[in-house]
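Taking it in order: structure first as structure tokens, then the write-up.
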Amino acid sequence: MQVNETLSEGLKREFSVNVPAADIEAKVDARLDDMKGKVKLNGFRPGKVPVGHLKRLYGRSVAAETVDELIRDTNTQIFTERGFKLASEPKITMPTEQKEVEDILSGKSDLNYTVAIEVVPPIALADFKSFTVEKPVAEVTDADVDEAIKRVADQNRSFTEKAGKAESGDRVTVNFKGTIDGVAFEGGTGEEIPVAIGSNTFIPGFEDQLIGIAAGETRTLKVSFPVNYASETLAGKAAEFETTAAKVESPVDTVIDDEFAKSLGLESLDKLKEAARERLVAEFAGATRQRVKRLLLDRLDETHKFDAPPSLVDEEFKLMWNSIQQEMASSGKTFADEDTTEEAAQEEYRKIADRRVRLGLVLSEIGEKNKITVSDDEVSRAVIERARSMPGREKEVWDFYRSNPQALAQLRAPIYEDKVVDFILELANVTEKKVSKDDLYKDEDEKTAV
């Protein structure tokens, strides 16, 4: 076997490989000899089938399998000997002429092919003991608890019928019939449907056009289905709904007391406050975690500057850009609305893609060098948590992940990332800083995590 490096440009490498026909033939004969003791053919006793006969029957297919195996083994040897870590799958260029292929498989000519790769650059890891990370911590106040309970009360408030016209916040019970270009469509009819004005649960524009309607009044509401609507036959279409208000109701303030707590399945108002406080503590801790993680990723970005493999950056950028285009199409916004241009936006998102790829490689390198792994039990617990979050569909969720390796990998990735982050935080100098709830949840648009 002869290997010559024909290209070394940045992170790109290319090799021409020659495997002598004699080497291929020797491996083919070895495989056929191994088959001799296993194959059963009429007219021959077990283990007595001549190799020549097997070669006539199976020679071409065995040769093809042998060539595939030789290419895999040879490529692995090339990459291992040179210490390459691949950024993407190797691109192999083989002979395509029929005669060339037949000559290789029949042992008449050598196997010559090229393999092109893109490698991950060596990554020199920083000294994580030199990192300083400020951990923002917010205390849950009584006012926070009261505000949380007030939100729950508003979500569970009752309504009382009113004689006047509907206002924002009121609930209108409606009967409607929808049409597109004058033709009724499936799912466009409803009777005795309660609509809370301002809840944003219906098609955009539907609720707003109910403001001022009175019981018994009929209106034609003109709306457009979002372009990303679940039904492809309705997505982006303009529709009209002939709508009659059967009843208009105004909200009644909920009295927050022991009885309200009992309606939620708790013993008393004190127990409700305890539950609300526990939930807020958990939410604040989650927000703190995200802020610390973001700060740490910023520090990793600052201390690990290298050229990311272009193919990985391109792939990440395409995923992000497709998402941006879909989001803008569904919202009807343009780049001008965002005070930018498509070219400037692409440049910005390519920078974000480059950062994400580099940070992903850094985290992977840290995990690999420090033997950080994610166990099957940890992934199973993540699947169970995901299933619990969808009551009534637990088995469906479990079966989905059990039969979908890619989905399982998507669950494994954030677990791995968090374990690497925890490893770094154990080495770093972490200090706590008391902050307000508003500061804890302050948006940091310029901070982009992996």
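By convention in this document, the chains of the structure tokens carry letters A, B, ... by their order, each chain's residues are numbered from 1, and ligands are numbered from 1 in the order they are shown.
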Next on the checklist: So that I can check the surroundings of region 74-83 of chain A, please list as a list of chain:residue names every protein, DNA and RNA residue that reaches within 9 Å of it, counting only C-alpha atoms and ignoring chain neighbours fewer than 2 positions away.
Outcome noted: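 Surrounding residues, per the criterion: A:Met1, A:Val3, A:Phe15, A:Val17, A:Glu69, A:Leu70, A:Ile71, A:Arg72, A:Lys85, A:Leu86, A:Pro90, A:Val115.
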Quick one: residues within 8 Å of region 162-173 of chain A, only C-alpha atoms counted, chain neighbours fewer than 5 positions away excluded, as a PDB file with N, CA and C atoms, in the first residue's frame?
ATOM      1  N   GLU A 192     -70.723  27.433  20.459  1.00  0.00           N
ATOM      2  CA  GLU A 192     -70.537  27.625  21.899  1.00  0.00           C
ATOM      3  C   GLU A 192     -69.047  27.569  22.284  1.00  0.00           C
ATOM      4  N   ILE A 193     -68.246  28.301  21.519  1.00  0.00           N
ATOM      5  CA  ILE A 193     -66.797  28.335  21.750  1.00  0.00           C
ATOM      6  C   ILE A 193     -66.447  29.573  22.577  1.00  0.00           C
ATOM      7  N   PRO A 194     -65.879  29.385  23.798  1.00  0.00           N
ATOM      8  CA  PRO A 194     -65.492  30.542  24.602  1.00  0.00           C
ATOM      9  C   PRO A 194     -64.172  31.138  24.113  1.00  0.00           C
ATOM     10  N   VAL A 195     -64.156  32.445  23.923  1.00  0.00           N
ATOM     11  CA  VAL A 195     -62.956  33.135  23.451  1.00  0.00           C
ATOM     12  C   VAL A 195     -62.614  34.255  24.435  1.00  0.00           C
ATOM     13  N   ALA A 196     -61.448  34.135  25.076  1.00  0.00           N
ATOM     14  CA  ALA A 196     -60.996  35.186  25.995  1.00  0.00           C
ATOM     15  C   ALA A 196     -60.226  36.223  25.183  1.00  0.00           C
ATOM     16  N   ILE A 197     -60.767  37.435  25.116  1.00  0.00           N
ATOM     17  CA  ILE A 197     -60.136  38.486  24.315  1.00  0.00           C
ATOM     18  C   ILE A 197     -58.819  38.915  24.976  1.00  0.00           C
ATOM     19  N   GLY A 198     -57.737  38.786  24.196  1.00  0.00           N
ATOM     20  CA  GLY A 198     -56.421  39.147  24.721  1.00  0.00           C
ATOM     21  C   GLY A 198     -55.594  37.943  25.128  1.00  0.00           C
ATOM     22  N   SER A 199     -56.186  36.736  25.011  1.00  0.00           N
ATOM     23  CA  SER A 199     -55.442  35.528  25.403  1.00  0.00           C
ATOM     24  C   SER A 199     -54.499  35.061  24.303  1.00  0.00           C
ATOM     25  N   ASP A 208     -59.237  40.346  18.564  1.00  0.00           N
ATOM     26  CA  ASP A 208     -59.339  41.811  18.553  1.00  0.00           C
ATOM     27  C   ASP A 208     -60.632  42.289  17.891  1.00  0.00           C
ATOM     28  N   LEU A 210     -63.448  41.033  18.092  1.00  0.00           N
ATOM     29  CA  LEU A 210     -64.613  40.806  18.949  1.00  0.00           C
ATOM     30  C   LEU A 210     -64.830  41.947  19.933  1.00  0.00           C
ATOM     31  N   ILE A 211     -63.865  42.846  20.037  1.00  0.00           N
ATOM     32  CA  ILE A 211     -64.025  43.984  20.941  1.00  0.00           C
ATOM     33  C   ILE A 211     -65.205  44.851  20.460  1.00  0.00           C
ATOM     34  N   GLY A 212     -66.118  45.136  21.374  1.00  0.00           N
ATOM     35  CA  GLY A 212     -67.285  45.942  21.047  1.00  0.00           C
ATOM     36  C   GLY A 212     -68.493  45.148  20.611  1.00  0.00           C
ATOM     37  N   ILE A 213     -68.368  43.822  20.489  1.00  0.00           N
ATOM     38  CA  ILE A 213     -69.502  43.009  20.081  1.00  0.00           C
ATOM     39  C   ILE A 213     -70.438  42.796  21.273  1.00  0.00           C
ATOM     40  N   ALA A 214     -71.723  42.662  20.995  1.00  0.00           N
ATOM     41  CA  ALA A 214     -72.715  42.429  22.044  1.00  0.00           C
ATOM     42  C   ALA A 214     -73.390  41.087  21.817  1.00  0.00           C
ATOM     43  N   ALA A 215     -73.985  40.544  22.880  1.00  0.00           N
ATOM     44  CA  ALA A 215     -74.677  39.264  22.766  1.00  0.00           C
ATOM     45  C   ALA A 215     -75.770  39.359  21.702  1.00  0.00           C
ATOM     46  N   ALA A 245     -72.107  36.360  18.545  1.00  0.00           N
ATOM     47  CA  ALA A 245     -71.822  36.300  19.980  1.00  0.00           C
ATOM     48  C   ALA A 245     -73.051  35.765  20.712  1.00  0.00           C
ATOM     49  N   ALA A 246     -72.913  34.618  21.356  1.00  0.00           N
ATOM     50  CA  ALA A 246     -74.022  34.050  22.124  1.00  0.00           C
ATOM     51  C   ALA A 246     -74.076  34.642  23.523  1.00  0.00           C
ATOM     52  N   LYS A 247     -72.889  35.015  24.033  1.00  0.00           N
ATOM     53  CA  LYS A 247     -72.842  35.495  25.417  1.00  0.00           C
ATOM     54  C   LYS A 247     -71.560  36.292  25.620  1.00  0.00           C
ATOM     55  N   VAL A 248     -71.661  37.379  26.375  1.00  0.00           N
ATOM     56  CA  VAL A 248     -70.485  38.182  26.738  1.00  0.00           C
ATOM     57  C   VAL A 248     -70.344  38.155  28.250  1.00  0.00           C
ATOM     58  N   GLU A 249     -69.123  37.865  28.722  1.00  0.00           N
ATOM     59  CA  GLU A 249     -68.885  37.768  30.164  1.00  0.00           C
ATOM     60  C   GLU A 249     -67.660  38.587  30.544  1.00  0.00           C
ATOM     61  N   SER A 250     -67.718  39.159  31.728  1.00  0.00           N
ATOM     62  CA  SER A 250     -66.569  39.908  32.235  1.00  0.00           C
ATOM     63  C   SER A 250     -65.914  39.101  33.355  1.00  0.00           C
ATOM     64  N   PRO A 251     -64.594  39.279  33.532  1.00  0.00           N
ATOM     65  CA  PRO A 251     -63.885  38.506  34.557  1.00  0.00           C
ATOM     66  C   PRO A 251     -64.240  38.967  35.965  1.00  0.00           C
TER      67      PRO A 251
END
Next on the checklist: as a PyMOL selection string, please: every residue in region 109-186 of chain A that DSSP puts in strand (DSSP E).
Outcome noted: chain A and resi 111-118+132-137+158-161+171-180+183-186
Next on the checklist: Could you tell me how far CA of Asn200 (chain A) sits from CA of Gly188 (chain A), in Å to one decimal place?
Outcome noted: 17.9 Å
Item to check | Spatial neighbours of Ser61 (chain A), 10 Å, only C-alpha atoms, chain gap at least 5 places, as an NGL selection string | outcome: :A and (28 or 55 or 66-67 or 105)
Checklist entry - Nearest to Asp29 (chain A) among A:Tyr58, A:Phe284, A:Tyr113, A:Phe260, with distances taken over only C-alpha atoms: which residue is it? => result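 With only C-alpha atoms as the atom set, the closest residue is A:Tyr58.
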Checklist entry - With only C-alpha atoms as the basis for distance, which of A:Ala387, A:Ile352, A:Ile366, A:Ala235 is at the shortest distance from Ala124 (chain A)? => result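 Between A:Ala387, A:Ile352, A:Ile366, A:Ala235, the residue approaching Ala124 (chain A) most closely is A:Ile366.
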Checklist entry - Got a sec to tell me which of region 194-369 of chain A DSSP assigns to helix (DSSP H, G or I), as a PyMOL selection string? => result chain A and resi 208-210+258-263+269-303+310-331+342-369
Item to check | Test item: residues at most 12 Å from Leu264 (chain A), only C-alpha atoms, excluding those fewer than 3 positions along its chain, as a list of chain:residue names | outcome: A:Ile149, A:Val152, A:Ala153, A:Gln155, A:Asn156, A:Ile256, A:Asp257, A:Asp258, A:Glu259, A:Phe260, A:Ala261, A:Glu267, A:Ser268, A:Leu269, A:Lys271, A:Leu272, A:Ala275
Export, as a CSV table (one decimal), in the first residue's frame, the selected residues with C-alpha atoms.
chain,number,residue,atom,x,y,z
A,149,ILE,CA,-50.2,33.5,43.2
A,152,VAL,CA,-52.4,31.7,39.1
A,153,ALA,CA,-55.6,33.4,40.3
A,155,GLN,CA,-55.6,32.1,35.1
A,156,ASN,CA,-58.3,30.4,37.1
A,256,ILE,CA,-57.1,34.5,47.2
A,257,ASP,CA,-57.9,32.6,50.4
A,258,ASP,CA,-57.9,29.1,51.9
A,259,GLU,CA,-60.9,28.2,49.6
A,260,PHE,CA,-59.0,29.2,46.5
A,261,ALA,CA,-56.0,27.1,47.6
A,267,GLU,CA,-54.8,22.4,52.1
A,268,SER,CA,-54.6,26.1,52.8
A,269,LEU,CA,-53.3,29.5,51.5
A,271,LYS,CA,-49.5,25.7,51.7
A,272,LEU,CA,-50.2,27.4,48.4
A,275,ALA,CA,-45.6,25.6,46.9
Next on the checklist: Excluding Pro121 (chain A) and its own-chain neighbours fewer than 4 positions away, which residues fall within 10 Å of it when counting only C-alpha atoms? Please give them as a ChimeraX atom specification.
Outcome noted: /A:10-11,84-87,306-309,361
Next on the checklist: From the options A:Thr340, A:Val435, A:Val145, A:Asp23, which residue's atoms come nearest to Arg279 (chain A), counting only C-alpha atoms?
Outcome noted: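 The answer is A:Val145, which sits nearest to Arg279 (chain A).
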Next on the checklist: Using Å and a single decimal, report how far CA of Ser380 (chain A) sits from CA of Phe400 (chain A).
Outcome noted: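 Calculated distance between CA of Phe400 (chain A) and CA of Ser380 (chain A) is 12.6 Å.
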Checklist entry - What is the distance, in Å and to one decimal place, between CA of Phe225 (chain A) and CA of Phe206 (chain A)? => result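 For CA of Phe225 (chain A) relative to CA of Phe206 (chain A), the distance reads 10.3 Å.
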Next on the checklist: Here is a test: counting only C-alpha atoms, which residue of A:Asp110, A:Glu139, A:Glu316, A:Glu5 is nearest to Ala285 (chain A)?
Outcome noted: A:Glu139
Next on the checklist: So that I can see what lies close to Val133 (chain A), please list as a list in words the residues with an atom at most 10 Å from it, counting only C-alpha atoms and leaving out residues fewer than 5 positions away in the same chain.
Outcome noted: Val292, Lys293, Leu295, Leu296, Arg299, Leu425, Ala428, Asn429, Val430, Thr431 and Glu432 of chain A
